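Inspection log for the structure reproduced underneath, given as structure tokens.
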Amino acid sequence: MYMYVALQLMQDEVVAAIGPQSSGIAHVISHVINELHIPLLSFGATDPALSAQEYQYFVRTTQSDYFQMNAIADIVDHFGWREVVAIFVDDDNGRSGISALSDALAKKRAKISYKAALPPGSPNSAISDLLVSINLMESRVYIVHVNPDSGLSVFSIAKKLQMLDSGYVWIATDWLPSFLDSFETNSPDVMNQLQGVVALRHHTPDGNLKKNFISKWRNLKFKKSPNFNSYALYAYDSVWLAARALDTFIKEGGNISFSNDPKLRENNGSMLHLKSLRVFNGGEQLLQTIKKTNFTGVSGRIQFGDDRNLINPTYDILNIGGTGSRRIGYWSNYSGLSAIAPEKLYTKPLNASPNNHLYSVIWPGEITTIPRGWVFPHNGKPLQIVVPNRVSYKAFVSKDNNPLGVKGYCIDVFEAAINLLSYPVPHTYILYGDGKDTPEYSNLVYEVSQNKYDAAVGDITIVTNRTKIVDFTQPFMESGLVVVTVVKGEKSSPWAFLRPFTIQMWAVTALFFIFVGAVVWILEHRTNEEFRGPPRQQLITIFWFSFSTMFFSHKENTVSTLGRLVLIIWLFVVLIINSSYTASLTSILTVQQLTSKIEGIDSLISSKDAIGVQEGSFALNYLTDELNIEGSRIIKLKNQDEYDDALRRGPENGGVAAIVDELPYVELFLAGTNCVFKTVGQEFTKSGWGFAFQRDSPLAVDLSTAILQLSENGDLQKIHDKWLSRSECSLGLNQADINQLSLSSFWGLFLICGISCFIALLIFFFRVLFQYRRFTPETQPEVEQIEPVRTRRLSRTTSFMLFVDKKEAEVKDKLKRKSSDNKQASQSLEGHSNSPP
């Protein structure tokens with residue numbers, strides 16, 4: 001029918017077409033105008049499937065539902081929902097819109113959990129059955145993408161089914177605001193059915209042109225004053241767009257002419273007069289003119305992008321309440337969600353715009369708190385929770401005869417977290433494994449990902465390959481792989497007194513003792529009789545004085561200022577060294593030193609000995625895949641008894657050199673071994689234990705919050721203390737090199753002492769040099785003038801060394817006598833010069 005009417009209209013010489021109001025008719029007409037080269041300005045076709053690539057002459061003068069669905073996806077993501085139910089009319093427009101919504105949600109890690117399709121013209125009974133079925137499902141977020149007739153019926157029936165109460169979320173596409181805006185006032189019964197609904201409306205800025213247009217129409221004498229929704233404004237602008245484009249087309253020399261299409265043939269008996277249809281020769285030129293048109297209309301800026309869609313698609317986000325609606329924000333493909341009008345943001349950098357912000361929403365049931373968006377299905381079974389049936393470390397999780405059927409630390413944590421939720425979570429536990437061997441945890445997690453079970457509770461480590469297929473809660477226990485091995489007490493050594501310091505520390509300390517002794521001797525030699533004497537005695541004095549300062553028992557007194565300054569600083573250094581040595585030696589001699597040939601994961605990898613791992617643990621794959629350890633070296637162990645036996649036998653007797661396991665298991669194992677075994681090295685992985693849920697399960701998020709609350713209020717630690725005990729054996733070995741003090745701890749002291757010695761020697765050297773320059777021999781041999789230069793230098797050096805070796809008192813006396821003789825000689829010369837001739 002639509003095709004026939006369209007062809008009838010096209011029999012006249014048409015250069016442009018405006019309309020239609022629906023996407024379905026636009027699909028039909030687009031085939032015709034595409035063949036006849038007639039631009040179609042569509043103000044009502046929002047179907048994303050109507051693309052410029054398929055229909056060359058289709059120009060959309062409204063907004064595509066592609067952008068509307070991206071706006072809805074942003075709203076869903078903003079409020080933290082992950083699943084929605086889509087209610088739509090099962091036609092081309094509805095299916096295309098929901099397909100676009102599915103793609104947009106996937107980008108936000110959300111999804112449509114169920115597509116509730118309504119056949120066109122569905123009776124109320126069919127709508128009621130559909131709503132009853134989706135009300136039994138988990139999701140409480142409903143996206144309604146229908147037409148006004150069926151849409152109002154959906155909300156009317158939902159109201160009767162109490163699906164517009166608290167806990168529900170209803171988001172309607174632009175059909176609802178368009179319907180409400182078409183009337184000046186709406187029926188109270190209609191508005192009562194829409195309380196709390198969030199809806200999207202095409203954003204048309206409130207400019208003067210729009211205000212004047214609406215005012216002009218309302219002043220006309222109509223029986224009923226018209227109201228304009230966004231589609232009416234787009235239709236008005238489409239007419240002006242066609243008029244402007246045709247005016248420009250003619251002014252640019254465009255020719256309105258038509259020609260026959262040889263592809264069109266008349267079929268015998270057909271009511272379609274195909275021969276009367278003619279092709280517009282200027283269609284391509286007019287289309288390009290339309291694409292380049294740029295003006296401001298009553299709906300806003302009319303300008304097209306390369307895809308022949310209006311640029312800057314924007315929507316108002318409305319919250320319906322009372323007798324009308326209020327705007328809680330905007331969405332645009334430029335700035336996303338925003339409380340500021342998009343046209344104010346186009347001039348600002350994108351990162352400066354206040355994205356992802358909306359005003360508060362009053363939800364169905366007149367609540368302001370954000371609905372959770374999901375519930376447990378009314379017709380669903382209790383959660384099927386799988387639990388590993390362990391044969392060892394049963395304190396963590398094990399089979400039991402209580403009503404739950406299981407017990408342990410992990411079970412108590414899960415039950416405590418469930419009890420903190422604001423809603424009931426019916427659940428049952430299912431044991432996984434035959435009880436003879438510890439099951440493979442990776443297989444258990446995989447079956448959860450395949451929807452065989454709803455969740456897995458137990459000592460399940462959060463590792464990378466598992467997070468790719470399931471969602472984990474917040475870790476409730478920290479974990480990491482460690483190495484545990486046999487340790488032996490180290491035998492006492494007769495050279496234990498040397499262990500407090502490293503070799504470098506001993507060497508530097510000894511050098512500084514000698515260096516400081518030599519410096520003090522140099523500074524005291526000219527003034528202190530205790531530092532003078534035969535060369536042998538002076539050498540003994542240097543060494544004796546140096547090492548006697550270690551015990552502060554030096555008997556030589558220092559008399560020079562520089563010598564005392566150096567000695568004070570050195571005694572302070574000696575005090576620090578002695579105190580540190582005493583403390584370190586005490587620790588070494590009193591704390592039991594334990595040794596093992598395995599010092600950590602690195603030495604374990606480099607050895608060729610067998611390694612034990614727990615059966616079912618991820619440690620096996622980690623050692624082989626990540627650390628490239630040969631599988632033949634790894635032995636699976638079932639329980640603590642096998643751990644103990646394998647470690648005691650050692651690799652020489654068919655046992656293992658060490659066991660690699662997670663820290664919680666190791667701590668529990670070591671608690672009963674009387675510290676025969678210990679952990680060595682550090683944890684070489686960092687992970688934790690969590691509860692596994694199917695992907696995108698909202699319960700995982702709520703339980704994570706509950707686990708954090710358990711940790712903050714101390715209940716998590718209480719549960720730990722109830723089931724588990726910590727062993728001091730897990731603290732690791734006391735490595736000898738940890739107690740040794742190195743040069744890096746004292747280099748600052750040695751630096752200060754060295755600088756003070758250097759400055760003291762420098763001052764001493766310049767003072768002696770000054771005295772030497774004043775000191776001259778009483779007689780100078782005349783032969784000195786003819787001696788070689790080298791001989792004179794050697795003579796002066798020897799003379800200076802002899803001067804340094806002199807007592808300072810003798811030098812001062814001689815300088816005084818020389819000064820007195822010079823004074824007398826000067827007075828004598830002055831007397832001779834004053835006597836008469």
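Naming scheme: A, B, ... for chains in displayed order of the structure tokens; residues 1 onward per chain; ligands 1 onward as shown.
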Please provide as a list in words all residues within 9 Å of A:Glu13, with the sequence filter that same-chain residues fewer than 4 positions apart are discarded (counting only C-alpha atoms). Leu9, Ser257, Phe258, Leu277, Arg278, Val279 and Phe280 of chain A
Tell me, as an MDAnalysis selection string, which residues lie within 12 Å of A:Leu637, counting only C-alpha atoms; anything in the same chain fewer than 3 positions away does not count. chainID A and resid 391:392 437:438 611:617 619:620 634 640:647 655:656 658:661
With N, CA, C and O atoms retained, could you export that selection as a CSV table (one decimal), in the first residue's frame?
chain,number,residue,atom,x,y,z
A,391,VAL,N,40.6,-32.7,51.0
A,391,VAL,CA,41.1,-33.8,51.8
A,391,VAL,C,42.2,-33.4,52.8
A,391,VAL,O,42.7,-34.1,53.6
A,392,SER,N,42.6,-32.1,52.7
A,392,SER,CA,43.6,-31.5,53.6
A,392,SER,C,43.2,-30.1,53.9
A,392,SER,O,42.4,-29.5,53.2
A,437,ASP,N,40.6,-37.1,46.6
A,437,ASP,CA,41.7,-36.2,46.1
A,437,ASP,C,41.1,-34.8,46.1
A,437,ASP,O,39.9,-34.6,45.8
A,438,THR,N,42.0,-33.8,46.4
A,438,THR,CA,41.6,-32.4,46.3
A,438,THR,C,41.3,-32.1,44.9
A,438,THR,O,42.2,-32.3,44.0
A,611,ILE,N,60.6,-30.8,43.8
A,611,ILE,CA,59.8,-29.7,44.4
A,611,ILE,C,58.4,-30.3,44.7
A,611,ILE,O,57.8,-30.9,43.8
A,612,GLY,N,57.9,-30.0,45.9
A,612,GLY,CA,56.6,-30.5,46.2
A,612,GLY,C,55.6,-29.3,46.0
A,612,GLY,O,55.9,-28.2,46.3
A,613,VAL,N,54.4,-29.7,45.6
A,613,VAL,CA,53.3,-28.7,45.5
A,613,VAL,C,52.0,-29.4,46.0
A,613,VAL,O,51.9,-30.6,46.0
A,614,GLN,N,51.0,-28.6,46.4
A,614,GLN,CA,49.8,-29.1,46.8
A,614,GLN,C,48.9,-29.6,45.7
A,614,GLN,O,48.9,-28.9,44.6
A,615,GLU,N,48.3,-30.7,45.8
A,615,GLU,CA,47.4,-31.2,44.8
A,615,GLU,C,46.2,-30.3,44.6
A,615,GLU,O,45.6,-29.8,45.5
A,616,GLY,N,46.0,-30.0,43.3
A,616,GLY,CA,44.9,-29.1,42.9
A,616,GLY,C,45.3,-27.6,43.0
A,616,GLY,O,44.4,-26.8,42.6
A,617,SER,N,46.5,-27.3,43.4
A,617,SER,CA,46.9,-25.9,43.5
A,617,SER,C,47.3,-25.3,42.2
A,617,SER,O,47.8,-26.1,41.3
A,619,ALA,N,49.8,-23.6,41.9
A,619,ALA,CA,51.3,-23.5,41.9
A,619,ALA,C,52.0,-24.4,40.9
A,619,ALA,O,53.0,-24.1,40.4
A,620,LEU,N,51.4,-25.5,40.5
A,620,LEU,CA,51.9,-26.4,39.5
A,620,LEU,C,52.1,-25.7,38.2
A,620,LEU,O,53.2,-25.7,37.6
A,634,ILE,N,58.5,-31.9,39.8
A,634,ILE,CA,57.5,-31.5,40.6
A,634,ILE,C,56.7,-32.7,41.1
A,634,ILE,O,56.3,-33.6,40.3
A,640,GLN,N,49.1,-32.6,54.9
A,640,GLN,CA,50.2,-32.2,55.7
A,640,GLN,C,51.1,-33.3,56.1
A,640,GLN,O,52.3,-33.1,56.2
A,641,ASP,N,50.6,-34.5,56.2
A,641,ASP,CA,51.5,-35.7,56.5
A,641,ASP,C,52.4,-35.9,55.4
A,641,ASP,O,53.6,-36.2,55.6
A,642,GLU,N,51.9,-35.8,54.2
A,642,GLU,CA,52.8,-36.0,53.0
A,642,GLU,C,53.8,-34.9,52.9
A,642,GLU,O,55.0,-35.1,52.5
A,643,TYR,N,53.4,-33.7,53.3
A,643,TYR,CA,54.4,-32.6,53.3
A,643,TYR,C,55.5,-32.9,54.3
A,643,TYR,O,56.7,-32.8,53.9
A,644,ASP,N,55.2,-33.3,55.5
A,644,ASP,CA,56.2,-33.6,56.5
A,644,ASP,C,57.1,-34.7,56.1
A,644,ASP,O,58.3,-34.6,56.2
A,645,ASP,N,56.5,-35.8,55.6
A,645,ASP,CA,57.3,-37.0,55.2
A,645,ASP,C,58.3,-36.6,54.0
A,645,ASP,O,59.4,-37.0,54.0
A,646,ALA,N,57.8,-35.9,53.0
A,646,ALA,CA,58.6,-35.6,51.9
A,646,ALA,C,59.8,-34.7,52.2
A,646,ALA,O,60.9,-34.8,51.7
A,647,LEU,N,59.5,-33.7,53.1
A,647,LEU,CA,60.6,-32.8,53.5
A,647,LEU,C,61.6,-33.5,54.4
A,647,LEU,O,62.8,-33.3,54.2
A,655,GLY,N,62.2,-37.9,48.6
A,655,GLY,CA,61.4,-36.8,49.0
A,655,GLY,C,61.6,-35.5,48.2
A,655,GLY,O,61.9,-35.6,47.0
A,656,VAL,N,61.4,-34.4,48.8
A,656,VAL,CA,61.6,-33.1,48.1
A,656,VAL,C,62.6,-32.2,48.8
A,656,VAL,O,62.7,-32.3,50.1
A,658,ALA,N,62.1,-28.9,48.8
A,658,ALA,CA,61.3,-27.8,49.3
A,658,ALA,C,59.9,-27.9,48.8
A,658,ALA,O,59.7,-28.7,47.8
A,659,ILE,N,59.0,-27.2,49.4
A,659,ILE,CA,57.6,-27.2,48.9
A,659,ILE,C,57.2,-25.8,48.6
A,659,ILE,O,57.5,-24.9,49.4
A,660,VAL,N,56.6,-25.6,47.5
A,660,VAL,CA,56.0,-24.3,47.1
A,660,VAL,C,54.5,-24.3,47.2
A,660,VAL,O,53.8,-25.1,46.6
A,661,ASP,N,54.0,-23.5,48.1
A,661,ASP,CA,52.6,-23.4,48.3
A,661,ASP,C,52.2,-22.0,48.8
A,661,ASP,O,53.1,-21.2,49.0
Quick one: residues within 8 Å of stretch 198-215 of chain A, only C-alpha atoms counted, chain neighbours fewer than 4 positions away excluded, as JSON, numbers by chain? {"A": [63, 68, 170, 171, 172, 173, 174, 176, 177, 178, 219, 228, 230, 297, 298, 299, 300, 314, 315, 316, 317, 318, 319, 320]}
Could you check how far atom CA of A:Trp506 sits from atom CA of A:Phe750, in Å to one decimal? 12.7 Å
Check the smallest atom-to-atom distance from each of A:Ala26, A:Ile98, A:Ala158, A:Val239 to A:Asp129 using only C-alpha atoms, then report the winner.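 Counting only C-alpha atoms, the residue closest to A:Asp129 is A:Ala158.
The interatomic distance for the pair atom CA of A:Val375 and atom CA of A:Glu138 works out to 5.1 Å.
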